[in-house]
Amino acid sequence: MPGAHDSGNQTSSKVWILITVMMAMMLAALDMTIVGTAMPSIINDLHGLANYSWVFSAYLLTSTVPVPIFSKLADMYGRKKLFLLGAGIFTLGSLLCGLSNSMLALIFFRAIQGLGAAGVLPIALTIIGDVFTLEQRAKVQGFFSAVWGVSAVVGPLLGALIVQYSNWRIVFYLNVPIGIIVMIILFFSFKEKIQSTKHQIDFLGTLLLTVSVTSLLLVLVEDANQLLSTPALTLFAVSLVSLIGFIVWERRAKEPVLPGILFSNRMLLVANGSNLFAGAVMFGLISYLPLYIQGVLGGSPTLAGRAITPMLIGWPLAALVAGPIILRIGFRLITIVGGLLIALGSLVLAIALQGDTWTMNVALLFIGIGLGFSLTSLLIAAQNAVPWQVRGAVTGSSQFFRTIGGSVGVAIMGTILNDELTMQSIHRHVAENPSNITGVLLSTTTRSHLSHQLLSSFTSILNVALHEVFVTGFLFAVGVALLVAFLPNEKSRKQVKHSTNSLTTLGEM
């Protein structure tokens with residue numbers, strides 16, 4: 001029976017596509033958790049605390065700005081080619097990161113790695129949106145949650161064991177075989193039908209957006225005392241002019257890199273704004289919580305690696321139940337609950353840094369559950385709100401705004417950290433260079449030779465500085481809670497199912 005055979009082939013293909021996307025998510029999750037865990041050891045080896053935030057910001061920048069162009073190309077020429085290109089660049093970047101012999105080299109290769117990441121996860125999620133219906137997506141969400149949950153537990157622990165008993169370079173080398181396997185599976189399993197049409201790629205819009213974001217990040221990583229200097233003001237002016245030019249050009253572009261629907265649809269406006277602030281919260285915790293565990297509490301790399309585990313466990317668990325809840329009660333209520341949990345957890349965390357680790361873990365769990373509820377709901381709602389022709393761009397925009405928020409948020413937190421370290425050092429009459437204080441605290445050997453008084457002074461300085469960082473994170477979390485309150489009232493479940501089933505998907509062959 002040909003029909004049964006075709007159906008079996010489609011089912012088999014969907015299974016392999018699901019496996020591919022799960023492995024792509026594992027790449028993203030492991031890279032997120034392992035690198036954050038390894039950073040204190042990397043700093044100790046390569047030096048350069050002043051460039052700490054750039055290891056994250058360079059990756060976030062290049063994994064952010066190209067997302068719209070990758071997504072646009074995926075809408076124009078198909079998901080498969082662009083996914084394979086992104087995965088190839090990511091794998092190469094990971095290999096080069098492992099070969100880095102200086103902090104500047106690591107930052108540069110992280111930028112290459114990020115460029116590849118821009119074409120991996122957003123397009124993988126778009127493929128899922130194409131192949132599976134709303135109800136199927138709600139069900140397979142459990143598999144994605146399992147990947148994040150396992151990575152949340154294994155990633156930090158694995159990263160900690162690697163840097164404690166081997167070499168941090170292996171952290172990056174792990175991505176290479178996984179990346180190769182992902183490319184091979186998708187190449188053979190994913191078949192798509194593409195209508196060949198002529199398109200215009202918005203290179204000028206991409207260039208203007210890149211210049212604007214890069215210039216802004218360069219300003220934000222400046223020392224706070226230098227923010228009014230001529231170079232800083234010049235960069236800010238370049239960023240502002242480029243942003244204005246980008247907005248003007250996008251209104252005229254035949255095929256803008258960011259489709260107009262992203263700024264005219266209320267659902268998408270709220271979703272993208274929420275992702276912007278949520279990215280700052282999420283990447284801020286991943287970047288700076290391990291530093292607190294090792295630098296202030298004197299914990300081992302293993303403990304630092306487990307620091308964000310409650311958040312990364314809460315996220316997939318919440319995402320696992322979010323799908324069925326969405327089908328029952330809709331997107332709005334569960335998203336608002338998620339936003340409130342993020343804000344509550346961030347507030348408790350900022351206070352808990354002065355208290356016990358149990359309270360800190362509960363706060364992180366709240367944040368993770370909030371992220372799972374809100375971001376999962378917003379992604380499914382955004383995909384459901386648009387037709388196939390722009391679904392890639394809309395899906396990519398979630399990742400775009402989240403990583404833009406992460407880039408800017410980590411840079412702002414880095415500026416606050418360095419500024420507070422300087423102020424506290426002056427206030428406490430510590431002669432040591434502020435950037436060396438963290439280096440001393442992260443080195444187990446050097447730390448053990450400090451006098452009790454000097455150790456107490458150094459940890460207190462870093463503690464106060466990081467406290468201000470996490471207060472800033474709470475302010476970003478408040479932004480999420482406020483924005484999701486403006487979500488429009490959605491359609492009934494029946495209407496949502498009807499609109500979803502009316503979409504043309506690549507999975508229907």
# chains A, B, ... in the order shown; residues from 1 in each chain; ligands from 1
>>> residues_around(residues="Gly114 (chain A)", least_positions_apart="6", cutoff="12 Å", atoms="only C-alpha atoms", output="NGL selection string")
:A and (28 or 31-32 or 55-67 or 86-94 or 97 or 106-108 or 120-121 or 400 or 403 or 407)
>>> residues_around(residues="Glu468 (chain A)", least_positions_apart="2", cutoff="9 Å", atoms="only C-alpha atoms", output="mmCIF file with N, CA and C atoms, in the first residue's frame")
data_model
loop_
_atom_site.group_PDB
_atom_site.id
_atom_site.type_symbol
_atom_site.label_atom_id
_atom_site.label_comp_id
_atom_site.auth_asym_id
_atom_site.auth_seq_id
_atom_site.Cartn_x
_atom_site.Cartn_y
_atom_site.Cartn_z
ATOM 1 N N ALA A 350 18.917 38.199 44.440
ATOM 2 C CA ALA A 350 19.709 39.373 44.795
ATOM 3 C C ALA A 350 19.864 39.489 46.312
ATOM 4 N N MET A 413 26.297 44.515 32.894
ATOM 5 C CA MET A 413 26.696 43.908 34.163
ATOM 6 C C MET A 413 28.217 43.905 34.320
ATOM 7 N N ILE A 416 29.255 47.374 35.349
ATOM 8 C CA ILE A 416 28.921 47.589 36.762
ATOM 9 C C ILE A 416 29.896 46.841 37.661
ATOM 10 N N LEU A 417 30.237 45.609 37.289
ATOM 11 C CA LEU A 417 31.179 44.814 38.085
ATOM 12 C C LEU A 417 32.536 45.507 38.180
ATOM 13 N N GLU A 420 32.297 48.773 40.225
ATOM 14 C CA GLU A 420 32.148 48.538 41.669
ATOM 15 C C GLU A 420 33.440 48.001 42.285
ATOM 16 N N ASN A 463 32.091 40.473 46.513
ATOM 17 C CA ASN A 463 30.712 40.200 46.904
ATOM 18 C C ASN A 463 29.819 41.416 46.681
ATOM 19 N N VAL A 464 30.291 42.572 47.121
ATOM 20 C CA VAL A 464 29.511 43.803 46.951
ATOM 21 C C VAL A 464 29.323 44.112 45.468
ATOM 22 N N ALA A 465 30.399 43.939 44.685
ATOM 23 C CA ALA A 465 30.322 44.231 43.255
ATOM 24 C C ALA A 465 29.321 43.308 42.559
ATOM 25 N N LEU A 466 29.363 42.027 42.889
ATOM 26 C CA LEU A 466 28.450 41.076 42.265
ATOM 27 C C LEU A 466 27.015 41.266 42.736
ATOM 28 N N PHE A 470 23.634 41.501 40.341
ATOM 29 C CA PHE A 470 22.390 40.737 40.407
ATOM 30 C C PHE A 470 21.177 41.619 40.708
ATOM 31 N N VAL A 471 21.387 42.770 41.315
ATOM 32 C CA VAL A 471 20.297 43.741 41.444
ATOM 33 C C VAL A 471 19.906 44.237 40.051
ATOM 34 N N THR A 472 20.897 44.446 39.219
ATOM 35 C CA THR A 472 20.630 44.836 37.827
ATOM 36 C C THR A 472 19.840 43.744 37.108
ATOM 37 N N GLY A 473 20.197 42.486 37.380
ATOM 38 C CA GLY A 473 19.448 41.371 36.806
ATOM 39 C C GLY A 473 17.990 41.384 37.221
#
>>> closest_atom_pairs(of="region 212-293 of chain A", to="region 380-396 of chain A", cutoff="9 Å", atoms="only C-alpha atoms", output="CSV")
residue,atom,partner,partner_atom,distance
A:Val257,CA,A:Ala393,CA,8.3
A:Leu258,CA,A:Ala393,CA,7.3
A:Pro259,CA,A:Ala393,CA,7.4
A:Ile261,CA,A:Val394,CA,8.7
A:Leu262,CA,A:Val394,CA,7.1
A:Asn265,CA,A:Ala385,CA,8.9
A:Met267,CA,A:Ala382,CA,6.8
A:Leu268,CA,A:Ala382,CA,6.0
A:Ala271,CA,A:Ala382,CA,7.2
>>> write_last_selection(atoms="C-alpha atoms", output="PDB file, in the first residue's frame")
ATOM      1  CA  VAL A 257      15.940  41.820   7.178  1.00  0.00           C
ATOM      2  CA  LEU A 258      13.392  42.335   9.963  1.00  0.00           C
ATOM      3  CA  PRO A 259       9.896  42.028   8.412  1.00  0.00           C
ATOM      4  CA  ILE A 261       5.093  42.311  10.913  1.00  0.00           C
ATOM      5  CA  LEU A 262       7.555  42.064  13.828  1.00  0.00           C
ATOM      6  CA  ASN A 265       1.758  42.735  15.422  1.00  0.00           C
ATOM      7  CA  MET A 267       1.770  39.590  19.986  1.00  0.00           C
ATOM      8  CA  LEU A 268       5.185  39.702  18.292  1.00  0.00           C
ATOM      9  CA  ALA A 271       7.183  38.395  22.582  1.00  0.00           C
TER      10      ALA A 271
END
>>> atom_distance(atom1="CA of Val478 (chain A)", atom2="CA of Phe263 (chain A)")
21.9 Å
>>> residues_around(residues="Val248 (chain A)", least_positions_apart="6", cutoff="12 Å", atoms="only C-alpha atoms", output="list in words")
Leu204, Gly205, Leu208, Leu209, Val241, Ser242 and Pro256 of chain A
